[in-house]
>>> print(open('entry-v5.txt').read())   # compact mmCIF, all heavy atoms
# COMPACT_ATOMS: atom_id res chain seq x y z
N MET X 1 93.15 187.11 67.08
CA MET X 1 94.00 186.61 68.14
C MET X 1 95.33 187.36 68.13
O MET X 1 95.85 187.65 69.19
CB MET X 1 94.22 185.11 67.96
CG MET X 1 95.04 184.50 69.07
SD MET X 1 94.42 184.69 70.73
CE MET X 1 93.09 183.56 70.78
N ALA X 2 95.86 187.66 66.94
CA ALA X 2 97.14 188.37 66.88
C ALA X 2 97.04 189.72 67.57
O ALA X 2 97.97 190.15 68.25
CB ALA X 2 97.58 188.53 65.43
N GLY X 3 95.90 190.41 67.40
CA GLY X 3 95.71 191.70 68.06
C GLY X 3 95.72 191.57 69.57
O GLY X 3 96.31 192.39 70.27
N LEU X 4 95.05 190.54 70.08
CA LEU X 4 95.02 190.30 71.52
C LEU X 4 96.42 190.00 72.05
O LEU X 4 96.86 190.60 73.04
CB LEU X 4 94.10 189.13 71.85
CG LEU X 4 94.09 188.67 73.30
CD1 LEU X 4 93.55 189.76 74.21
CD2 LEU X 4 93.29 187.39 73.45
N LEU X 5 97.12 189.11 71.40
CA LEU X 5 98.47 188.77 71.86
C LEU X 5 99.42 189.95 71.74
O LEU X 5 100.26 190.17 72.61
CB LEU X 5 99.01 187.57 71.08
CG LEU X 5 98.28 186.25 71.36
CD1 LEU X 5 98.75 185.17 70.40
CD2 LEU X 5 98.46 185.82 72.79
N GLY X 6 99.28 190.73 70.66
CA GLY X 6 100.09 191.94 70.51
C GLY X 6 99.82 192.93 71.64
O GLY X 6 100.73 193.55 72.17
N GLY X 7 98.54 193.05 72.01
CA GLY X 7 98.17 193.93 73.10
C GLY X 7 98.73 193.48 74.44
O GLY X 7 98.89 194.29 75.35
N LEU X 8 99.01 192.20 74.55
CA LEU X 8 99.59 191.66 75.78
C LEU X 8 101.11 191.72 75.76
O LEU X 8 101.76 191.22 76.67
CB LEU X 8 99.12 190.21 75.99
CG LEU X 8 97.63 190.06 76.28
CD1 LEU X 8 97.24 188.58 76.26
CD2 LEU X 8 97.27 190.70 77.61
N GLY X 9 101.69 192.28 74.68
CA GLY X 9 103.13 192.47 74.63
C GLY X 9 103.91 191.44 73.83
O GLY X 9 105.13 191.48 73.81
N ARG X 10 103.22 190.50 73.19
CA ARG X 10 103.93 189.50 72.39
C ARG X 10 104.44 190.15 71.11
O ARG X 10 103.69 190.78 70.38
CB ARG X 10 103.02 188.35 72.01
CG ARG X 10 102.52 187.52 73.16
CD ARG X 10 103.63 186.78 73.86
NE ARG X 10 104.36 185.95 72.95
CZ ARG X 10 104.65 184.69 73.14
NH1 ARG X 10 104.27 184.11 74.23
NH2 ARG X 10 105.34 184.02 72.26
N PRO X 11 105.73 190.01 70.78
CA PRO X 11 106.24 190.56 69.53
C PRO X 11 105.61 189.86 68.32
O PRO X 11 105.35 188.66 68.36
CB PRO X 11 107.74 190.30 69.58
CG PRO X 11 108.01 189.52 70.80
CD PRO X 11 106.76 189.36 71.58
N GLU X 12 105.34 190.62 67.26
CA GLU X 12 104.67 190.07 66.08
C GLU X 12 105.41 188.87 65.49
O GLU X 12 104.80 187.90 65.07
CB GLU X 12 104.52 191.16 65.02
CG GLU X 12 103.74 190.70 63.81
CD GLU X 12 103.51 191.81 62.81
OE1 GLU X 12 103.44 192.98 63.22
OE2 GLU X 12 103.42 191.49 61.62
N GLY X 13 106.72 188.91 65.48
CA GLY X 13 107.51 187.81 64.93
C GLY X 13 107.44 186.52 65.72
O GLY X 13 107.88 185.48 65.27
N SER X 14 106.87 186.58 66.93
CA SER X 14 106.79 185.37 67.76
C SER X 14 105.50 184.60 67.55
O SER X 14 105.32 183.55 68.13
CB SER X 14 106.94 185.74 69.24
OG SER X 14 105.77 186.40 69.71
N LEU X 15 104.59 185.12 66.73
CA LEU X 15 103.29 184.48 66.52
C LEU X 15 103.38 183.48 65.38
O LEU X 15 104.01 183.73 64.36
CB LEU X 15 102.23 185.53 66.19
CG LEU X 15 102.06 186.65 67.22
CD1 LEU X 15 101.00 187.63 66.75
CD2 LEU X 15 101.72 186.09 68.58
N LEU X 16 102.74 182.35 65.56
CA LEU X 16 102.72 181.30 64.53
C LEU X 16 101.28 180.83 64.38
O LEU X 16 100.72 180.23 65.29
CB LEU X 16 103.62 180.13 64.94
CG LEU X 16 103.67 178.94 63.99
CD1 LEU X 16 104.18 179.35 62.62
CD2 LEU X 16 104.55 177.85 64.57
N ASP X 17 100.66 181.14 63.24
CA ASP X 17 99.28 180.75 62.98
C ASP X 17 99.25 179.32 62.47
O ASP X 17 99.84 179.00 61.44
CB ASP X 17 98.68 181.69 61.94
CG ASP X 17 97.20 181.44 61.69
OD1 ASP X 17 96.64 180.50 62.29
OD2 ASP X 17 96.62 182.19 60.89
N LEU X 18 98.58 178.44 63.20
CA LEU X 18 98.50 177.03 62.81
C LEU X 18 97.37 176.76 61.83
O LEU X 18 97.22 175.65 61.36
CB LEU X 18 98.32 176.15 64.05
CG LEU X 18 99.47 176.18 65.04
CD1 LEU X 18 99.15 175.28 66.22
CD2 LEU X 18 100.77 175.77 64.40
N GLY X 19 96.57 177.76 61.51
CA GLY X 19 95.50 177.59 60.54
C GLY X 19 94.13 177.65 61.17
O GLY X 19 93.96 178.09 62.30
N GLY X 20 93.14 177.18 60.43
CA GLY X 20 91.75 177.25 60.86
C GLY X 20 91.35 176.13 61.81
O GLY X 20 92.17 175.53 62.50
N ILE X 21 90.07 175.83 61.78
CA ILE X 21 89.49 174.86 62.71
C ILE X 21 90.09 173.47 62.54
O ILE X 21 90.08 172.66 63.47
CB ILE X 21 87.95 174.84 62.57
CG1 ILE X 21 87.28 174.09 63.71
CG2 ILE X 21 87.55 174.26 61.21
CD1 ILE X 21 87.34 174.78 65.02
N ALA X 22 90.63 173.18 61.37
CA ALA X 22 91.22 171.86 61.12
C ALA X 22 92.41 171.57 62.04
O ALA X 22 92.76 170.41 62.27
CB ALA X 22 91.66 171.74 59.67
N THR X 23 93.01 172.60 62.60
CA THR X 23 94.16 172.40 63.49
C THR X 23 93.75 172.48 64.96
O THR X 23 94.60 172.58 65.83
CB THR X 23 95.26 173.44 63.21
OG1 THR X 23 94.74 174.75 63.46
CG2 THR X 23 95.77 173.35 61.80
N ALA X 24 92.46 172.40 65.24
CA ALA X 24 91.97 172.54 66.61
C ALA X 24 92.39 171.38 67.52
O ALA X 24 92.21 171.45 68.71
CB ALA X 24 90.45 172.67 66.62
N GLY X 25 92.95 170.33 66.98
CA GLY X 25 93.37 169.19 67.78
C GLY X 25 94.68 169.42 68.52
O GLY X 25 95.24 168.48 69.10
N GLN X 26 95.15 170.62 68.55
CA GLN X 26 96.45 170.90 69.16
C GLN X 26 96.42 170.81 70.68
O GLN X 26 97.42 171.07 71.34
CB GLN X 26 96.96 172.27 68.71
CG GLN X 26 97.09 172.41 67.21
CD GLN X 26 97.84 171.28 66.55
OE1 GLN X 26 98.88 170.86 67.02
NE2 GLN X 26 97.33 170.79 65.45
N GLU X 27 95.27 170.43 71.26
CA GLU X 27 95.22 170.29 72.71
C GLU X 27 96.15 169.18 73.19
O GLU X 27 96.45 169.09 74.38
CB GLU X 27 93.80 170.06 73.21
CG GLU X 27 93.18 168.76 72.76
CD GLU X 27 92.40 168.88 71.46
OE1 GLU X 27 92.45 169.92 70.79
OE2 GLU X 27 91.72 167.90 71.12
N HIS X 28 96.65 168.38 72.29
CA HIS X 28 97.61 167.34 72.69
C HIS X 28 98.91 167.95 73.18
O HIS X 28 99.75 167.28 73.77
CB HIS X 28 97.86 166.36 71.55
CG HIS X 28 96.64 165.56 71.22
ND1 HIS X 28 96.14 164.61 72.07
CD2 HIS X 28 95.81 165.60 70.17
CE1 HIS X 28 95.05 164.08 71.55
NE2 HIS X 28 94.83 164.66 70.38
N PHE X 29 99.06 169.26 72.94
CA PHE X 29 100.20 169.97 73.50
C PHE X 29 100.19 169.84 75.02
O PHE X 29 101.23 169.88 75.66
CB PHE X 29 100.15 171.45 73.10
CG PHE X 29 101.26 172.27 73.66
CD1 PHE X 29 102.52 172.23 73.09
CD2 PHE X 29 101.06 173.07 74.76
CE1 PHE X 29 103.56 172.98 73.62
CE2 PHE X 29 102.08 173.83 75.29
CZ PHE X 29 103.34 173.78 74.71
N ALA X 30 98.99 169.67 75.59
CA ALA X 30 98.88 169.50 77.04
C ALA X 30 99.69 168.31 77.52
O ALA X 30 100.28 168.35 78.60
CB ALA X 30 97.42 169.35 77.45
N LEU X 31 99.75 167.26 76.72
CA LEU X 31 100.55 166.09 77.11
C LEU X 31 102.03 166.44 77.17
O LEU X 31 102.74 166.01 78.10
CB LEU X 31 100.31 164.94 76.14
CG LEU X 31 98.87 164.42 76.07
CD1 LEU X 31 98.73 163.39 74.96
CD2 LEU X 31 98.45 163.86 77.41
N LEU X 32 102.50 167.21 76.21
CA LEU X 32 103.89 167.67 76.23
C LEU X 32 104.13 168.56 77.44
O LEU X 32 105.12 168.40 78.16
CB LEU X 32 104.23 168.43 74.94
CG LEU X 32 105.61 169.08 74.89
CD1 LEU X 32 106.72 168.04 74.96
CD2 LEU X 32 105.75 169.93 73.65
N PHE X 33 103.20 169.49 77.67
CA PHE X 33 103.32 170.39 78.81
C PHE X 33 103.42 169.62 80.12
O PHE X 33 104.28 169.89 80.95
CB PHE X 33 102.14 171.36 78.85
CG PHE X 33 102.13 172.23 80.07
CD1 PHE X 33 102.87 173.39 80.11
CD2 PHE X 33 101.40 171.87 81.19
CE1 PHE X 33 102.88 174.19 81.24
CE2 PHE X 33 101.41 172.66 82.33
CZ PHE X 33 102.15 173.82 82.35
N LEU X 34 102.51 168.68 80.32
CA LEU X 34 102.51 167.91 81.57
C LEU X 34 103.79 167.10 81.74
O LEU X 34 104.34 167.01 82.85
CB LEU X 34 101.30 167.00 81.63
CG LEU X 34 99.95 167.72 81.76
CD1 LEU X 34 98.81 166.73 81.61
CD2 LEU X 34 99.87 168.48 83.06
N GLY X 35 104.29 166.52 80.65
CA GLY X 35 105.54 165.76 80.72
C GLY X 35 106.72 166.65 81.08
O GLY X 35 107.55 166.30 81.93
N LEU X 36 106.79 167.83 80.43
CA LEU X 36 107.88 168.76 80.73
C LEU X 36 107.79 169.28 82.16
O LEU X 36 108.80 169.36 82.87
CB LEU X 36 107.86 169.93 79.74
CG LEU X 36 108.30 169.61 78.32
CD1 LEU X 36 108.01 170.78 77.40
CD2 LEU X 36 109.78 169.27 78.29
N ALA X 37 106.59 169.65 82.58
CA ALA X 37 106.41 170.18 83.94
C ALA X 37 106.81 169.13 84.97
O ALA X 37 107.45 169.45 85.97
CB ALA X 37 104.97 170.62 84.14
N GLY X 38 106.43 167.88 84.73
CA GLY X 38 106.82 166.82 85.66
C GLY X 38 108.32 166.60 85.71
O GLY X 38 108.90 166.44 86.77
N ALA X 39 108.95 166.63 84.54
CA ALA X 39 110.40 166.41 84.47
C ALA X 39 111.18 167.57 85.06
O ALA X 39 112.21 167.37 85.71
CB ALA X 39 110.83 166.17 83.02
N LEU X 40 110.67 168.79 84.86
CA LEU X 40 111.37 169.97 85.35
C LEU X 40 111.01 170.32 86.79
O LEU X 40 111.71 171.08 87.44
CB LEU X 40 111.06 171.18 84.45
CG LEU X 40 111.54 171.07 83.00
CD1 LEU X 40 110.97 172.21 82.17
CD2 LEU X 40 113.06 171.07 82.95
N GLY X 41 109.88 169.79 87.26
CA GLY X 41 109.44 170.10 88.61
C GLY X 41 108.83 171.49 88.74
O GLY X 41 108.69 172.02 89.84
N THR X 42 108.45 172.10 87.62
CA THR X 42 107.85 173.43 87.61
C THR X 42 107.06 173.60 86.33
O THR X 42 107.32 172.91 85.34
CB THR X 42 108.91 174.54 87.73
OG1 THR X 42 108.26 175.81 87.74
CG2 THR X 42 109.91 174.49 86.59
N HIS X 43 106.11 174.53 86.35
CA HIS X 43 105.38 174.85 85.14
C HIS X 43 105.88 176.15 84.52
O HIS X 43 105.31 176.65 83.57
CB HIS X 43 103.87 174.96 85.44
CG HIS X 43 103.53 176.10 86.35
ND1 HIS X 43 103.59 175.96 87.71
CD2 HIS X 43 103.15 177.35 86.09
CE1 HIS X 43 103.25 177.13 88.25
NE2 HIS X 43 102.98 177.99 87.29
N GLU X 44 106.96 176.68 85.06
CA GLU X 44 107.52 177.94 84.57
C GLU X 44 108.62 177.67 83.55
O GLU X 44 109.80 177.60 83.87
CB GLU X 44 108.05 178.76 85.74
CG GLU X 44 106.95 179.17 86.70
CD GLU X 44 107.47 180.02 87.85
OE1 GLU X 44 108.56 180.61 87.73
OE2 GLU X 44 106.78 180.07 88.88
N PHE X 45 108.20 177.47 82.29
CA PHE X 45 109.14 177.25 81.19
C PHE X 45 108.47 177.69 79.91
O PHE X 45 107.28 177.98 79.88
CB PHE X 45 109.56 175.77 81.10
CG PHE X 45 108.41 174.82 80.91
CD1 PHE X 45 107.94 174.52 79.64
CD2 PHE X 45 107.80 174.22 82.00
CE1 PHE X 45 106.89 173.65 79.46
CE2 PHE X 45 106.75 173.34 81.83
CZ PHE X 45 106.28 173.06 80.56
N ASN X 46 109.24 177.78 78.85
CA ASN X 46 108.73 178.15 77.53
C ASN X 46 109.13 177.09 76.52
O ASN X 46 110.12 176.37 76.71
CB ASN X 46 109.28 179.50 77.08
CG ASN X 46 108.63 180.64 77.81
OD1 ASN X 46 107.42 180.78 77.78
ND2 ASN X 46 109.43 181.46 78.48
N VAL X 47 108.37 177.03 75.45
CA VAL X 47 108.68 176.16 74.33
C VAL X 47 108.82 177.05 73.11
O VAL X 47 107.99 177.94 72.88
CB VAL X 47 107.55 175.13 74.09
CG1 VAL X 47 107.83 174.30 72.85
CG2 VAL X 47 107.40 174.23 75.31
N ARG X 48 109.87 176.86 72.33
CA ARG X 48 110.10 177.70 71.16
C ARG X 48 110.15 176.83 69.91
O ARG X 48 110.81 175.79 69.90
CB ARG X 48 111.43 178.43 71.32
CG ARG X 48 111.75 179.33 70.17
CD ARG X 48 113.02 180.10 70.43
NE ARG X 48 113.27 181.01 69.34
CZ ARG X 48 114.33 181.76 69.24
NH1 ARG X 48 115.24 181.72 70.18
NH2 ARG X 48 114.49 182.55 68.22
N VAL X 49 109.46 177.27 68.88
CA VAL X 49 109.48 176.60 67.58
C VAL X 49 110.49 177.32 66.71
O VAL X 49 110.37 178.53 66.49
CB VAL X 49 108.09 176.63 66.91
CG1 VAL X 49 108.15 176.02 65.52
CG2 VAL X 49 107.07 175.91 67.78
N VAL X 50 111.49 176.59 66.22
CA VAL X 50 112.52 177.17 65.37
C VAL X 50 112.42 176.51 64.00
O VAL X 50 112.79 175.35 63.85
CB VAL X 50 113.92 176.96 65.98
CG1 VAL X 50 114.99 177.59 65.09
CG2 VAL X 50 113.99 177.52 67.38
N PRO X 51 111.90 177.24 63.00
CA PRO X 51 111.78 176.65 61.67
C PRO X 51 113.15 176.48 61.02
O PRO X 51 114.11 177.17 61.41
CB PRO X 51 110.93 177.66 60.91
CG PRO X 51 111.15 178.96 61.61
CD PRO X 51 111.41 178.62 63.05
N PRO X 52 113.25 175.59 60.04
CA PRO X 52 114.53 175.44 59.34
C PRO X 52 114.87 176.76 58.61
O PRO X 52 113.99 177.55 58.30
CB PRO X 52 114.27 174.31 58.34
CG PRO X 52 112.80 174.21 58.22
CD PRO X 52 112.21 174.73 59.50
N ALA X 53 116.15 176.95 58.38
CA ALA X 53 116.63 178.20 57.76
C ALA X 53 115.91 178.48 56.45
O ALA X 53 115.63 179.64 56.13
CB ALA X 53 118.13 178.13 57.55
N SER X 54 115.57 177.45 55.70
CA SER X 54 114.91 177.66 54.40
C SER X 54 113.50 178.23 54.54
O SER X 54 112.97 178.81 53.61
CB SER X 54 114.85 176.34 53.63
OG SER X 54 114.09 175.39 54.35
N ALA X 55 112.88 178.08 55.72
CA ALA X 55 111.51 178.56 55.92
C ALA X 55 111.46 179.85 56.72
O ALA X 55 110.40 180.43 56.88
CB ALA X 55 110.70 177.49 56.63
N ARG X 56 112.57 180.32 57.24
CA ARG X 56 112.56 181.52 58.06
C ARG X 56 112.15 182.73 57.23
O ARG X 56 112.50 182.87 56.08
CB ARG X 56 113.92 181.75 58.69
CG ARG X 56 114.19 180.73 59.76
CD ARG X 56 115.41 181.02 60.57
NE ARG X 56 115.63 179.88 61.44
CZ ARG X 56 116.81 179.36 61.67
NH1 ARG X 56 117.88 179.89 61.15
NH2 ARG X 56 116.93 178.33 62.47
N GLY X 57 111.40 183.59 57.86
CA GLY X 57 110.94 184.78 57.18
C GLY X 57 109.63 184.57 56.43
O GLY X 57 109.08 185.50 55.90
N THR X 58 109.12 183.33 56.42
CA THR X 58 107.87 183.07 55.72
C THR X 58 106.69 182.98 56.66
O THR X 58 105.56 182.91 56.22
CB THR X 58 107.95 181.76 54.91
OG1 THR X 58 108.17 180.68 55.80
CG2 THR X 58 109.06 181.82 53.88
N VAL X 59 106.92 183.01 57.98
CA VAL X 59 105.84 182.92 58.95
C VAL X 59 105.19 184.28 59.07
O VAL X 59 105.86 185.28 59.27
CB VAL X 59 106.37 182.46 60.34
CG1 VAL X 59 105.26 182.46 61.36
CG2 VAL X 59 107.00 181.09 60.22
N GLU X 60 103.88 184.35 58.92
CA GLU X 60 103.16 185.62 59.00
C GLU X 60 102.57 185.82 60.36
O GLU X 60 102.11 184.97 61.00
CB GLU X 60 102.06 185.66 57.95
CG GLU X 60 102.64 185.64 56.55
CD GLU X 60 101.54 185.69 55.49
OE1 GLU X 60 100.38 185.96 55.83
OE2 GLU X 60 101.86 185.44 54.35
>>> encode(input="entry-v5.txt", output="structure tokens")
Amino acid sequence: MAGLLGGLGRPEGSLLDLGGIATAGQEHFALLFLGLAGALGTHEFNVRVVPPASARGTVE
């Protein structure tokens, strides 16, 4: 997946691997997306994950 996203222009430092199949339940992000889109009146927005300073630089 990292190769595909890199090929689409995503910078390597912007990728966050959530793990294997055990994290496949992340489709609940759709609920957050729908709530934000409704509140903003558009689907054109981004969400950014900012780890605490103690964890920065450890994301592969």
>>> residues_around(input="entry-v5.txt", residues="range 43-47 of chain X", least_positions_apart="2", cutoff="12 Å", atoms="only C-alpha atoms", output="PyMOL selection string")
chain X and resi 14+29-30+32-41+49-50
>>> atom_distance(input="entry-v5.txt", atom1="CA of Ala2 in chain X", atom2="OG1 of Thr23 in chain X")
14.2 Å
>>> atom_distance(input="entry-v5.txt", atom1="atom N of Gly6 in chain X", atom2="CB of Ala22 in chain X")
23.2 Å
>>> select_by_dssp(input="entry-v5.txt", residues="chain X", states="helix (DSSP H, G or I)", output="count of residues only")
32
>>> atom_distance(input="entry-v5.txt", atom1="CG of Leu15 in chain X", atom2="CB of Met1 in chain X")
8.0 Å
